[in-house]
Structures are given as C-alpha cells and as structure tokens.
file structure-v3.cif (mmCIF, C-alpha atoms)
data_my_file
#
loop_
_atom_site.group_PDB
_atom_site.id
_atom_site.type_symbol
_atom_site.label_atom_id
_atom_site.label_comp_id
_atom_site.auth_asym_id
_atom_site.auth_seq_id
_atom_site.Cartn_x
_atom_site.Cartn_y
_atom_site.Cartn_z
ATOM 1 C CA MET A 1 115.232 105.586 117.392
ATOM 2 C CA THR A 2 115.031 108.983 115.683
ATOM 3 C CA SER A 3 112.438 110.629 117.949
ATOM 4 C CA ALA A 4 112.012 110.461 121.714
ATOM 5 C CA ASP A 5 108.206 110.363 121.511
ATOM 6 C CA LEU A 6 108.396 107.085 119.562
ATOM 7 C CA VAL A 7 110.002 105.330 122.536
ATOM 8 C CA LEU A 8 107.046 103.842 124.420
ATOM 9 C CA PRO A 9 107.298 102.930 128.106
ATOM 10 C CA PRO A 10 108.364 99.301 128.627
ATOM 11 C CA THR A 11 105.713 96.746 129.463
ATOM 12 C CA ASP A 12 107.940 95.111 132.080
ATOM 13 C CA GLN A 13 111.126 95.767 134.040
ATOM 14 C CA GLN A 14 113.296 93.755 131.656
ATOM 15 C CA THR A 15 112.554 95.599 128.413
ATOM 16 C CA PRO A 16 115.402 98.038 127.699
ATOM 17 C CA THR A 17 114.885 101.585 126.515
ATOM 18 C CA ALA A 18 116.036 102.886 123.129
ATOM 19 C CA ALA A 19 118.869 105.263 122.265
ATOM 20 C CA LEU A 20 117.979 108.482 120.443
ATOM 21 C CA LEU A 21 119.677 109.216 117.103
ATOM 22 C CA GLN A 22 119.177 112.957 116.831
ATOM 23 C CA ALA A 23 118.526 115.032 113.721
ATOM 24 C CA PRO A 24 121.351 117.087 112.120
ATOM 25 C CA GLU A 25 119.944 120.382 113.439
ATOM 26 C CA GLU A 26 120.071 119.027 116.991
ATOM 27 C CA GLN A 27 123.545 117.480 117.054
ATOM 28 C CA THR A 28 126.796 117.866 115.117
ATOM 29 C CA LEU A 29 128.026 114.991 112.972
ATOM 30 C CA ASP A 30 131.109 114.495 115.146
ATOM 31 C CA LEU A 31 129.015 114.051 118.276
ATOM 32 C CA ALA A 32 126.607 111.742 116.472
ATOM 33 C CA ILE A 33 129.486 109.561 115.275
ATOM 34 C CA GLY A 34 130.880 109.481 118.813
ATOM 35 C CA ASP A 35 127.518 108.421 120.246
ATOM 36 C CA MET A 36 127.160 105.631 117.692
ATOM 37 C CA HIS A 37 130.703 104.429 118.359
ATOM 38 C CA LEU A 38 129.918 104.300 122.081
ATOM 39 C CA LEU A 39 126.741 102.297 121.443
ATOM 40 C CA LEU A 40 128.739 99.792 119.390
ATOM 41 C CA GLU A 41 131.344 99.501 122.135
ATOM 42 C CA GLN A 42 128.680 98.951 124.785
ATOM 43 C CA HIS A 43 126.328 96.622 122.940
ATOM 44 C CA GLY A 44 128.228 95.162 119.996
ATOM 45 C CA TYR A 45 125.485 95.870 117.456
ATOM 46 C CA VAL A 46 123.037 98.709 116.783
ATOM 47 C CA ILE A 47 119.612 98.280 115.163
ATOM 48 C CA ALA A 48 118.466 101.776 114.163
ATOM 49 C CA VAL A 49 114.746 101.937 113.340
ATOM 50 C CA TYR A 50 113.452 105.074 111.677
ATOM 51 C CA PRO A 51 110.131 106.069 110.057
ATOM 52 C CA ALA A 52 109.917 106.527 106.298
ATOM 53 C CA GLY A 53 108.679 110.061 106.964
ATOM 54 C CA ILE A 54 111.802 111.505 108.599
ATOM 55 C CA SER A 55 113.592 114.335 106.811
ATOM 56 C CA PRO A 56 115.999 113.407 103.971
ATOM 57 C CA ALA A 57 118.786 115.155 105.892
ATOM 58 C CA HIS A 58 118.178 112.960 108.950
ATOM 59 C CA GLU A 59 118.195 109.809 106.827
ATOM 60 C CA ARG A 60 121.415 110.879 105.096
ATOM 61 C CA ARG A 61 122.931 111.488 108.534
ATOM 62 C CA LEU A 62 122.253 107.869 109.570
ATOM 63 C CA HIS A 63 123.870 106.478 106.438
ATOM 64 C CA ALA A 64 126.810 108.880 106.782
ATOM 65 C CA ILE A 65 127.483 107.692 110.330
ATOM 66 C CA ARG A 66 127.509 104.052 109.247
ATOM 67 C CA SER A 67 129.774 104.902 106.319
ATOM 68 C CA VAL A 68 132.264 106.865 108.431
ATOM 69 C CA LEU A 69 132.471 104.117 111.032
ATOM 70 C CA GLU A 70 132.767 101.505 108.237
ATOM 71 C CA SER A 71 130.732 99.186 110.437
ATOM 72 C CA ASP A 72 128.741 96.161 109.340
ATOM 73 C CA ARG A 73 127.302 96.007 112.865
ATOM 74 C CA ILE A 74 124.804 98.829 112.255
ATOM 75 C CA ALA A 75 121.388 97.941 110.827
ATOM 76 C CA LEU A 76 119.332 100.808 109.382
ATOM 77 C CA LEU A 77 115.671 99.779 109.236
ATOM 78 C CA LYS A 78 113.362 102.145 107.356
ATOM 79 C CA VAL A 79 109.786 101.390 108.435
ATOM 80 C CA ASP A 80 106.787 102.467 106.358
ATOM 81 C CA LEU A 81 104.254 102.531 109.204
ATOM 82 C CA PRO A 82 102.431 105.479 110.797
ATOM 83 C CA PRO A 83 104.279 106.979 113.790
ATOM 84 C CA LEU A 84 102.333 105.082 116.462
ATOM 85 C CA GLY A 85 102.830 101.827 114.568
ATOM 86 C CA VAL A 86 106.571 102.503 114.421
ATOM 87 C CA ALA A 87 106.615 103.098 118.175
ATOM 88 C CA VAL A 88 104.842 99.775 118.804
ATOM 89 C CA LEU A 89 107.254 97.925 116.508
ATOM 90 C CA VAL A 90 110.275 99.465 118.224
ATOM 91 C CA ARG A 91 109.017 98.326 121.622
ATOM 92 C CA GLN A 92 108.553 94.787 120.338
ATOM 93 C CA LEU A 93 112.109 94.773 118.969
ATOM 94 C CA ARG A 94 113.319 96.031 122.340
ATOM 95 C CA GLN A 95 111.574 93.063 123.933
ATOM 96 C CA LEU A 96 113.176 90.661 121.460
ATOM 97 C CA SER A 97 116.632 92.135 122.034
ATOM 98 C CA ILE A 98 116.923 90.449 125.437
ATOM 99 C CA CYS A 99 115.799 87.053 124.125
ATOM 100 C CA ASP A 100 118.211 84.439 122.796
ATOM 101 C CA PHE A 101 118.058 85.689 119.206
ATOM 102 C CA SER A 102 121.071 86.943 117.293
ATOM 103 C CA PRO A 103 121.174 90.624 116.236
ATOM 104 C CA GLY A 104 120.521 89.586 112.637
ATOM 105 C CA VAL A 105 117.319 87.750 113.562
ATOM 106 C CA VAL A 106 116.079 90.679 115.670
ATOM 107 C CA ALA A 107 116.734 93.115 112.815
ATOM 108 C CA SER A 108 115.041 91.003 110.155
ATOM 109 C CA ALA A 109 112.119 90.269 112.498
ATOM 110 C CA ALA A 110 110.965 93.868 112.008
ATOM 111 C CA ARG A 111 109.432 93.022 108.619
ATOM 112 C CA LEU A 112 107.632 90.009 110.093
ATOM 113 C CA LEU A 113 106.225 91.821 113.130
ATOM 114 C CA ALA A 114 104.983 94.725 111.000
ATOM 115 C CA HIS A 115 102.453 92.296 109.461
ATOM 116 C CA TYR A 116 100.784 91.954 112.866
ATOM 117 C CA ILE A 117 100.455 95.669 113.633
ATOM 118 C CA HIS A 118 97.137 97.128 112.494
ATOM 119 C CA ALA A 119 97.955 100.828 112.394
ATOM 120 C CA GLY A 120 95.457 103.510 111.525
ATOM 121 C CA ALA A 121 93.633 106.642 112.576
ATOM 122 C CA LEU A 122 90.253 108.296 112.868
ATOM 123 C CA LEU A 123 90.388 111.510 110.819
ATOM 124 C CA ASN A 124 88.061 114.449 110.296
ATOM 125 C CA SER A 125 89.393 114.901 106.746
ATOM 126 C CA VAL A 126 91.371 112.970 104.133
ATOM 127 C CA ALA A 127 91.912 116.001 101.899
ATOM 128 C CA ARG A 128 95.652 116.023 102.650
ATOM 129 C CA LEU A 129 96.140 112.306 103.196
ATOM 130 C CA ASP A 130 98.759 111.018 100.752
ATOM 131 C CA ARG A 131 99.980 107.897 102.566
ATOM 132 C CA VAL A 132 96.894 105.793 101.812
ATOM 133 C CA PRO A 133 95.009 105.653 98.471
ATOM 134 C CA VAL A 134 92.008 108.013 98.518
ATOM 135 C CA SER A 135 89.452 108.187 95.693
ATOM 136 C CA LEU A 136 88.162 111.486 94.290
ATOM 137 C CA LYS A 137 84.716 110.627 95.636
ATOM 138 C CA THR A 138 86.098 110.180 99.148
ATOM 139 C CA HIS A 139 88.071 113.415 98.828
ATOM 140 C CA ALA A 140 84.808 115.200 97.996
ATOM 141 C CA LYS A 141 83.054 113.656 101.001
ATOM 142 C CA SER A 142 85.799 114.945 103.301
ATOM 143 C CA TRP A 143 84.587 118.498 102.695
ATOM 144 C CA VAL A 144 81.181 117.718 104.219
ATOM 145 C CA PRO A 145 81.062 119.231 107.752
ATOM 146 C CA GLY A 146 81.140 116.638 110.503
ATOM 147 C CA SER A 147 82.577 113.860 108.340
ATOM 148 C CA GLN A 148 84.906 111.345 109.947
ATOM 149 C CA PHE A 149 86.974 108.622 108.333
ATOM 150 C CA ALA A 150 88.557 105.456 109.662
ATOM 151 C CA VAL A 151 91.812 104.806 107.840
ATOM 152 C CA LEU A 152 93.979 101.728 108.157
ATOM 153 C CA ALA A 153 97.495 102.096 106.756
ATOM 154 C CA GLY A 154 98.757 98.608 107.497
ATOM 155 C CA PRO A 155 99.025 95.723 107.111
ATOM 156 C CA SER A 156 96.685 96.470 104.155
ATOM 157 C CA PRO A 157 95.188 99.897 103.340
ATOM 158 C CA GLN A 158 91.516 100.470 104.137
ATOM 159 C CA LEU A 159 89.425 103.637 104.237
ATOM 160 C CA ILE A 160 85.773 104.041 105.229
ATOM 161 C CA LYS A 161 83.521 106.996 105.992
ATOM 162 C CA ILE A 162 82.077 106.594 109.489
ATOM 163 C CA GLY A 163 78.316 106.199 109.598
ATOM 164 C CA PRO A 164 75.583 104.612 111.781
ATOM 165 C CA SER A 165 75.369 101.438 109.686
ATOM 166 C CA VAL A 166 78.976 101.257 108.511
ATOM 167 C CA GLU A 167 81.174 98.449 109.819
ATOM 168 C CA PRO A 168 84.673 99.348 111.097
ATOM 169 C CA PRO A 169 87.655 98.361 108.942
ATOM 170 C CA ALA A 170 88.570 94.676 108.995
ATOM 171 C CA GLY A 171 90.980 94.058 111.841
ATOM 172 C CA PRO A 172 93.202 91.350 113.311
ATOM 173 C CA GLU A 173 91.952 87.795 113.557
ATOM 174 C CA PHE A 174 94.009 87.096 116.662
ATOM 175 C CA PRO A 175 94.053 88.513 120.223
ATOM 176 C CA THR A 176 95.587 91.987 120.472
ATOM 177 C CA HIS A 177 95.898 95.042 122.662
ATOM 178 C CA LEU A 178 95.055 98.502 121.338
ATOM 179 C CA LEU A 179 97.132 101.625 121.842
ATOM 180 C CA LEU A 180 95.625 104.999 120.985
ATOM 181 C CA ALA A 181 96.851 108.571 120.909
ATOM 182 C CA LYS A 182 94.409 111.458 120.754
ATOM 183 C CA GLY A 183 95.013 114.563 118.693
ATOM 184 C CA GLN A 184 92.628 117.499 118.270
ATOM 185 C CA LEU A 185 89.580 115.326 117.675
ATOM 186 C CA SER A 186 86.950 114.652 120.314
ATOM 187 C CA SER A 187 85.621 111.190 119.583
ATOM 188 C CA GLU A 188 85.173 107.918 121.429
ATOM 189 C CA TRP A 189 84.626 105.933 118.230
ATOM 190 C CA VAL A 190 87.878 103.999 118.563
ATOM 191 C CA GLN A 191 87.041 102.825 122.093
ATOM 192 C CA GLN A 192 83.302 102.340 121.584
ATOM 193 C CA SER A 193 83.120 100.917 118.049
ATOM 194 C CA LEU A 194 86.512 99.816 116.739
ATOM 195 C CA ALA A 195 87.802 98.071 119.864
ATOM 196 C CA PRO A 196 84.703 95.851 120.335
ATOM 197 C CA ALA A 197 84.650 94.993 116.622
ATOM 198 C CA TRP A 198 88.293 93.959 116.777
ATOM 199 C CA LYS A 199 87.744 92.154 120.102
ATOM 200 C CA VAL A 200 90.828 93.750 121.652
ATOM 201 C CA GLN A 201 91.725 92.515 125.112
ATOM 202 C CA ALA A 202 92.962 95.826 126.544
ATOM 203 C CA ILE A 203 93.180 99.515 125.614
ATOM 204 C CA ALA A 204 95.915 101.959 126.622
ATOM 205 C CA GLU A 205 96.552 105.602 125.765
ATOM 206 C CA CYS A 206 99.750 107.533 125.093
ATOM 207 C CA PRO A 207 100.637 111.037 123.869
ATOM 208 C CA LEU A 208 100.255 111.663 120.151
ATOM 209 C CA PRO A 209 103.653 111.466 118.371
ATOM 210 C CA SER A 210 104.783 114.823 117.033
ATOM 211 C CA ALA A 211 105.072 113.435 113.496
ATOM 212 C CA SER A 212 101.500 112.103 113.387
ATOM 213 C CA PRO A 213 99.663 115.251 112.138
ATOM 214 C CA ARG A 214 102.093 115.527 109.233
ATOM 215 C CA TRP A 215 101.836 111.797 108.433
ATOM 216 C CA TRP A 216 98.019 111.787 108.432
ATOM 217 C CA GLY A 217 97.601 115.239 106.878
ATOM 218 C CA THR A 218 95.625 116.688 109.799
ATOM 219 C CA GLY A 219 95.955 117.331 113.511
ATOM 220 C CA LYS A 220 92.300 116.449 114.075
ATOM 221 C CA LEU A 221 92.749 112.739 114.565
ATOM 222 C CA VAL A 222 92.861 109.815 116.945
ATOM 223 C CA GLU A 223 95.704 107.473 116.000
ATOM 224 C CA PHE A 224 95.574 103.805 116.980
ATOM 225 C CA ALA A 225 97.572 100.604 116.630
ATOM 226 C CA SER A 226 96.676 97.052 117.630
ATOM 227 C CA PHE A 227 99.499 94.633 118.351
ATOM 228 C CA LEU A 228 100.528 91.303 119.857
ATOM 229 C CA PRO A 229 101.155 92.130 123.529
ATOM 230 C CA ASP A 230 102.599 88.850 124.772
ATOM 231 C CA ILE A 231 106.358 88.486 124.337
ATOM 232 C CA SER A 232 106.013 84.692 124.539
ATOM 233 C CA VAL A 233 103.761 84.747 121.465
ATOM 234 C CA ILE A 234 106.139 87.098 119.646
ATOM 235 C CA TYR A 235 109.042 84.826 120.587
ATOM 236 C CA GLN A 236 107.262 81.751 119.213
ATOM 237 C CA LEU A 237 106.339 83.626 116.053
ATOM 238 C CA VAL A 238 109.932 84.631 115.331
ATOM 239 C CA SER A 239 111.222 81.183 116.338
ATOM 240 C CA SER A 240 108.866 79.510 113.845
ATOM 241 C CA VAL A 241 110.608 81.091 110.865
ATOM 242 C CA ARG A 242 113.514 79.297 109.221
ATOM 243 C CA ARG A 243 116.880 80.946 109.877
ATOM 244 C CA GLU A 244 119.474 81.478 107.175
ATOM 245 C CA ASN A 245 122.876 83.120 106.922
ATOM 246 C CA CYS A 246 123.209 86.125 104.635
ATOM 247 C CA HIS A 247 125.399 85.247 101.650
ATOM 248 C CA TRP A 248 126.760 88.803 101.625
ATOM 249 C CA CYS A 249 127.544 89.806 105.219
ATOM 250 C CA GLY A 250 127.131 86.473 106.994
ATOM 251 C CA MET A 251 124.553 87.704 109.518
ATOM 252 C CA GLU A 252 121.811 85.333 110.613
ATOM 253 C CA LEU A 253 118.363 86.307 109.370
ATOM 254 C CA ILE A 254 114.756 85.262 108.901
ATOM 255 C CA GLY A 255 112.566 85.990 105.913
ATOM 256 C CA ASP A 256 113.836 87.008 102.506
ATOM 257 C CA ARG A 257 116.120 89.965 103.274
ATOM 258 C CA CYS A 258 119.025 90.687 105.602
ATOM 259 C CA GLY A 259 118.267 93.304 108.236
ATOM 260 C CA PHE A 260 121.860 94.557 108.302
ATOM 261 C CA CYS A 261 122.975 94.782 104.668
ATOM 262 C CA SER A 262 119.512 94.525 103.004
ATOM 263 C CA SER A 263 120.780 91.827 100.676
ATOM 264 C CA PRO A 264 117.982 89.505 99.455
ATOM 265 C CA LEU A 265 118.252 85.753 99.691
ATOM 266 C CA ALA A 266 118.575 83.681 96.552
ATOM 267 C CA THR A 267 115.267 82.187 95.417
ATOM 268 C CA SER A 268 116.198 78.712 96.607
ATOM 269 C CA GLU A 269 116.924 80.087 100.064
ATOM 270 C CA ASN A 270 113.744 82.140 100.350
ATOM 271 C CA ARG A 271 111.790 79.681 102.457
ATOM 272 C CA MET A 272 110.588 79.069 105.989
ATOM 273 C CA HIS A 273 108.762 76.456 108.020
ATOM 274 C CA SER A 274 105.285 75.352 107.003
ATOM 275 C CA ALA A 275 103.718 78.373 108.747
ATOM 276 C CA GLY A 276 104.069 80.444 105.556
ATOM 277 C CA VAL A 277 106.418 82.698 103.594
ATOM 278 C CA LEU A 278 107.201 86.235 104.707
ATOM 279 C CA ASN A 279 107.053 87.851 101.299
ATOM 280 C CA GLN A 280 103.793 86.065 100.433
ATOM 281 C CA GLY A 281 101.861 86.763 103.634
ATOM 282 C CA ALA A 282 102.618 86.424 107.325
ATOM 283 C CA PRO A 283 102.077 83.195 109.244
ATOM 284 C CA ALA A 284 99.369 83.032 111.864
ATOM 285 C CA PRO A 285 100.585 83.828 115.370
ATOM 286 C CA PRO A 286 100.840 80.832 117.719
ATOM 287 C CA GLY A 287 97.613 80.067 119.516
ATOM 288 C CA SER A 288 95.447 82.210 117.216
#
call {"tool": "encode", "arguments": {"input": "structure-v3.cif", "output": "structure tokens"}}
result
Amino acid sequence: MTSADLVLPPTDQQTPTAALLQAPEEQTLDLAIGDMHLLLEQHGYVIAVYPAGISPAHERRLHAIRSVLESDRIALLKVDLPPLGVAVLVRQLRQLSICDFSPGVVASAARLLAHYIHAGALLNSVARLDRVPVSLKTHAKSWVPGSQFAVLAGPSPQLIKIGPSVEPPAGPEFPTHLLLAKGQLSSEWVQQSLAPAWKVQAIAECPLPSASPRWWGTGKLVEFASFLPDISVIYQLVSSVRRENCHWCGMELIGDRCGFCSSPLATSENRMHSAGVLNQGAPAPPGS
C-alpha cells in the first residue's frame, strides 16, 4: 500500500496487515528496492495496490522497483476508486491472501471486488470535483449557500443535490456494511438517510484518508463506502469465477486480465461460470 492511512484495521485476528511502499521524498530508491526484495523473500509474491491519484513520481517509483528487480512476482494494481474505497478493497485482498487462492487469483480479484464497493461522499460543493461527471447546472447550484451533494463514484457514477424529497443515490442490492470518514462537514445525512435507504447491516467510522480532500475537491465532506463484510461470501464470489492461466506470464487469474502482467485473455478465453462476465457486469454475490 502507498499510504499508511489506507491500511484499515483488520476485522479479525487472522487478517494480515499491509506493507507500506513509501513515496520518493520519504525513502531513497536503494532502500525501497531493498524493502521490496525482502518482501519477496519473505512472502514469495507482492501485490502492490495504489490509488490512481498518487503522484506520478510515486507511480514511476513502483514501476522502477519492479524493473530493477526484474521480477514477475510483483503485481502493480492501479485502482480508480476514492481513497476510502481503495482502503476497503485492500482490506478485502488482505483477507483473501490467507485463503487457498493463488497470488494470481488474489491480484485479479481486485477488479471483481471493486464492483461490489459503493464508494462516495457527501460534499458541500462540487465546484472542484473532476473525478465524477458534473453538469454546468449542478456546478451553478454548488454556489448556493447551504447546498449539499451526494456523489457516488463507483461502481457507477451518480450525483444528486440533497433535498427534503430527494431520494439517496441507488445503492447495493445485497447486504453490506458501511464505513464512513468525516471531514470538515457536520452532517448526519449518511447515517440517518443513506444507511437506511441502502439497508446496511452495520456502520463503522474511521479517520478521513489524507488524500480524500484532494480527490473530492473539498475538505468539507463525509466520505463513505459500503462493502461485503463477510469473508465467506467474498470467498464464494471469487471461487465462482472460472480460472485461467495467463498466456503471457503463466499466472493463474480470474476475469479478463492478468493481475501481474496486465495481459488480456484472448476472446475465446474471456469467460466464466454462469454467474456472469467480469467485463460485462459483476455477478451477484452468493446469497443475495
């Protein structure tokens, strides 16, 4: 992981923590290469998850380390989710890492699990929001004092202006837990309106990730993410997808792209069990 505040506490005593891959200004390249080499020696494989919003220098550092070590055992997974959504995904991958899945399946499962994370935020303004499509009319409304907006970044973008008769954004159609992180916005809308509408089973709070104000374009926000909390459900979900071997690097994978070398499967190989196809929509979670 590329930021310590994206490493959420484990939900049980078995879930391992995550190693921190520091930015160039915080660690020399030699030390970073040494740390990665040690991780490979200790664990055999490294799945490095990083948000799409990290600095270009930090991203280049990750690729440089893999290049210098000439290792095909390092997966670099760039995730286009808001910071809190990335943190939730990383914890789920940590949970999967101690199951009986190969490293290739765990790495490629990131794209599947991201479909089941509803990540968004309550904002006081969308004037500087550039991660989710915002119309000119909505931009104009954001200048009205007291305005608040509910924005969903994934799995599909949604944006609404909060009002007495306005329904919350469409949410998950399966049981979830909700994690929220409060910024400089005093509002109970997420707990009092969104959570009941989404029928979440539990709510927890955590500190706001340091990258969240930049991602959402404002520090006056409440970030939230709903997710599948049960590792047995996540395990069944991943197990339901057909496994293939990458024709390029030989790693086992699910879905239509290798998590380690990013090579796509040939069209004839891009298939899974009857639950669905990853690149055409995610299958329903077991028991939903």
call {"tool": "resolve_selection", "arguments": {"input": "structure-v3.cif", "expression": "the PyMOL selection byres ((chain A and resi 177-191) around 8)", "output": "short mmCIF file (atom, residue, chain, number, x, y, z; two decimals) with C-alpha atoms, keeping the file's coordinate frame"}}
result
data_model
loop_
_atom_site.label_atom_id
_atom_site.label_comp_id
_atom_site.auth_asym_id
_atom_site.auth_seq_id
_atom_site.Cartn_x
_atom_site.Cartn_y
_atom_site.Cartn_z
CA LEU A 84 102.33 105.08 116.46
CA LEU A 122 90.25 108.30 112.87
CA LEU A 123 90.39 111.51 110.82
CA ASN A 124 88.06 114.45 110.30
CA PRO A 175 94.05 88.51 120.22
CA THR A 176 95.59 91.99 120.47
CA GLN A 192 83.30 102.34 121.58
CA SER A 193 83.12 100.92 118.05
CA LEU A 194 86.51 99.82 116.74
CA ALA A 195 87.80 98.07 119.86
CA PRO A 196 84.70 95.85 120.34
CA VAL A 200 90.83 93.75 121.65
CA GLN A 201 91.72 92.52 125.11
CA ALA A 202 92.96 95.83 126.54
CA ILE A 203 93.18 99.52 125.61
CA ALA A 204 95.92 101.96 126.62
CA GLU A 205 96.55 105.60 125.76
CA CYS A 206 99.75 107.53 125.09
CA PRO A 207 100.64 111.04 123.87
CA LEU A 208 100.26 111.66 120.15
CA PRO A 209 103.65 111.47 118.37
CA GLY A 219 95.96 117.33 113.51
CA LYS A 220 92.30 116.45 114.08
CA LEU A 221 92.75 112.74 114.56
CA VAL A 222 92.86 109.82 116.94
CA GLU A 223 95.70 107.47 116.00
CA PHE A 224 95.57 103.80 116.98
CA ALA A 225 97.57 100.60 116.63
CA SER A 226 96.68 97.05 117.63
CA PHE A 227 99.50 94.63 118.35
CA LEU A 228 100.53 91.30 119.86
CA PRO A 229 101.16 92.13 123.53
#
call {"tool": "closest_atom_pairs", "arguments": {"input": "structure-v3.cif", "of": "stretch 55-154 of chain A", "to": "stretch 241-262 of chain A", "cutoff": "12 Å", "atoms": "all atoms listed in the file", "output": "CSV"}}
result
residue,atom,partner,partner_atom,distance
A:His63,CA,A:Cys261,CA,11.9
A:Arg66,CA,A:Phe260,CA,11.1
A:Ser71,CA,A:Phe260,CA,10.2
A:Asp72,CA,A:Phe260,CA,7.1
A:Arg73,CA,A:Phe260,CA,7.2
A:Ile74,CA,A:Phe260,CA,6.5
A:Ala75,CA,A:Phe260,CA,4.2
A:Leu76,CA,A:Phe260,CA,6.8
A:Leu77,CA,A:Gly259,CA,7.0
A:Lys78,CA,A:Gly259,CA,10.1
A:Val79,CA,A:Gly259,CA,11.7
A:Phe101,CA,A:Glu252,CA,9.4
A:Ser102,CA,A:Glu252,CA,6.9
A:Pro103,CA,A:Glu252,CA,7.7
A:Gly104,CA,A:Glu252,CA,4.9
A:Val105,CA,A:Leu253,CA,4.6
A:Val106,CA,A:Leu253,CA,8.0
A:Ala107,CA,A:Gly259,CA,4.8
A:Ser108,CA,A:Gly259,CA,4.4
A:Ala109,CA,A:Ile254,CA,6.7
A:Ala110,CA,A:Gly259,CA,8.2
A:Arg111,CA,A:Gly255,CA,8.2
A:Leu112,CA,A:Gly255,CA,7.6
A:Leu113,CA,A:Gly255,CA,11.2
call {"tool": "resolve_selection", "arguments": {"input": "structure-v3.cif", "expression": "the PyMOL selection byres ((chain A and resi 54) around 10)", "output": "PyMOL selection string"}}
result
chain A and resi 2-3+23+50-53+55-59+78+211+215
call {"tool": "residues_around", "arguments": {"input": "structure-v3.cif", "residues": "A:Ala4", "least_positions_apart": "5", "cutoff": "9 Å", "atoms": "all atoms listed in the file", "output": "JSON, numbers by chain"}}
result
{"A": [18, 19, 20]}
call {"tool": "closest_residue", "arguments": {"input": "structure-v3.cif", "among": "A:Val7, A:Val238, A:Val126, A:Val132", "to": "A:Leu89", "atoms": "all atoms listed in the file"}}
result
A:Val7
call {"tool": "axis_aligned_box", "arguments": {"input": "structure-v3.cif", "around": "stretch 183-190 of chain A", "padding_each_side": "8 Å", "output": "lines of an AutoDock Vina configuration file"}}
result
center_x = 89.8
center_y = 110.7
center_z = 119.6
size_x = 26.4
size_y = 29.5
size_z = 19.8
call {"tool": "decode", "arguments": {"input": "structure-v3.cif", "residues": "stretch 108-119 of chain A", "atoms": "N, CA and C atoms", "output": "mmCIF file, in the first residue's frame"}}
result
data_model
loop_
_atom_site.group_PDB
_atom_site.id
_atom_site.type_symbol
_atom_site.label_atom_id
_atom_site.label_comp_id
_atom_site.auth_asym_id
_atom_site.auth_seq_id
_atom_site.Cartn_x
_atom_site.Cartn_y
_atom_site.Cartn_z
ATOM 1 N N SER A 108 -5.999 -10.617 -9.447
ATOM 2 C CA SER A 108 -7.044 -10.323 -10.435
ATOM 3 C C SER A 108 -8.418 -10.184 -9.798
ATOM 4 N N ALA A 109 -8.576 -10.638 -8.551
ATOM 5 C CA ALA A 109 -9.849 -10.468 -7.852
ATOM 6 C C ALA A 109 -10.126 -9.005 -7.518
ATOM 7 N N ALA A 110 -9.113 -8.162 -7.556
ATOM 8 C CA ALA A 110 -9.316 -6.748 -7.225
ATOM 9 C C ALA A 110 -10.354 -6.107 -8.145
ATOM 10 N N ARG A 111 -10.305 -6.425 -9.426
ATOM 11 C CA ARG A 111 -11.256 -5.834 -10.380
ATOM 12 C C ARG A 111 -12.671 -6.329 -10.104
ATOM 13 N N LEU A 112 -12.806 -7.594 -9.708
ATOM 14 C CA LEU A 112 -14.116 -8.141 -9.388
ATOM 15 C C LEU A 112 -14.692 -7.489 -8.140
ATOM 16 N N LEU A 113 -13.901 -7.434 -7.070
ATOM 17 C CA LEU A 113 -14.399 -6.917 -5.795
ATOM 18 C C LEU A 113 -14.743 -5.434 -5.872
ATOM 19 N N ALA A 114 -14.055 -4.700 -6.744
ATOM 20 C CA ALA A 114 -14.345 -3.267 -6.884
ATOM 21 C C ALA A 114 -15.779 -3.026 -7.342
ATOM 22 N N HIS A 115 -16.380 -4.008 -8.037
ATOM 23 C CA HIS A 115 -17.774 -3.867 -8.484
ATOM 24 C C HIS A 115 -18.749 -3.848 -7.308
ATOM 25 N N TYR A 116 -18.332 -4.369 -6.175
ATOM 26 C CA TYR A 116 -19.224 -4.503 -5.022
ATOM 27 C C TYR A 116 -18.958 -3.456 -3.948
ATOM 28 N N ILE A 117 -18.110 -2.495 -4.245
ATOM 29 C CA ILE A 117 -17.829 -1.396 -3.320
ATOM 30 C C ILE A 117 -18.530 -0.145 -3.843
ATOM 31 N N HIS A 118 -19.519 0.317 -3.087
ATOM 32 C CA HIS A 118 -20.216 1.556 -3.442
ATOM 33 C C HIS A 118 -19.540 2.698 -2.689
ATOM 34 N N ALA A 119 -18.698 3.429 -3.397
ATOM 35 C CA ALA A 119 -17.851 4.444 -2.778
ATOM 36 C C ALA A 119 -18.299 5.835 -3.183
#
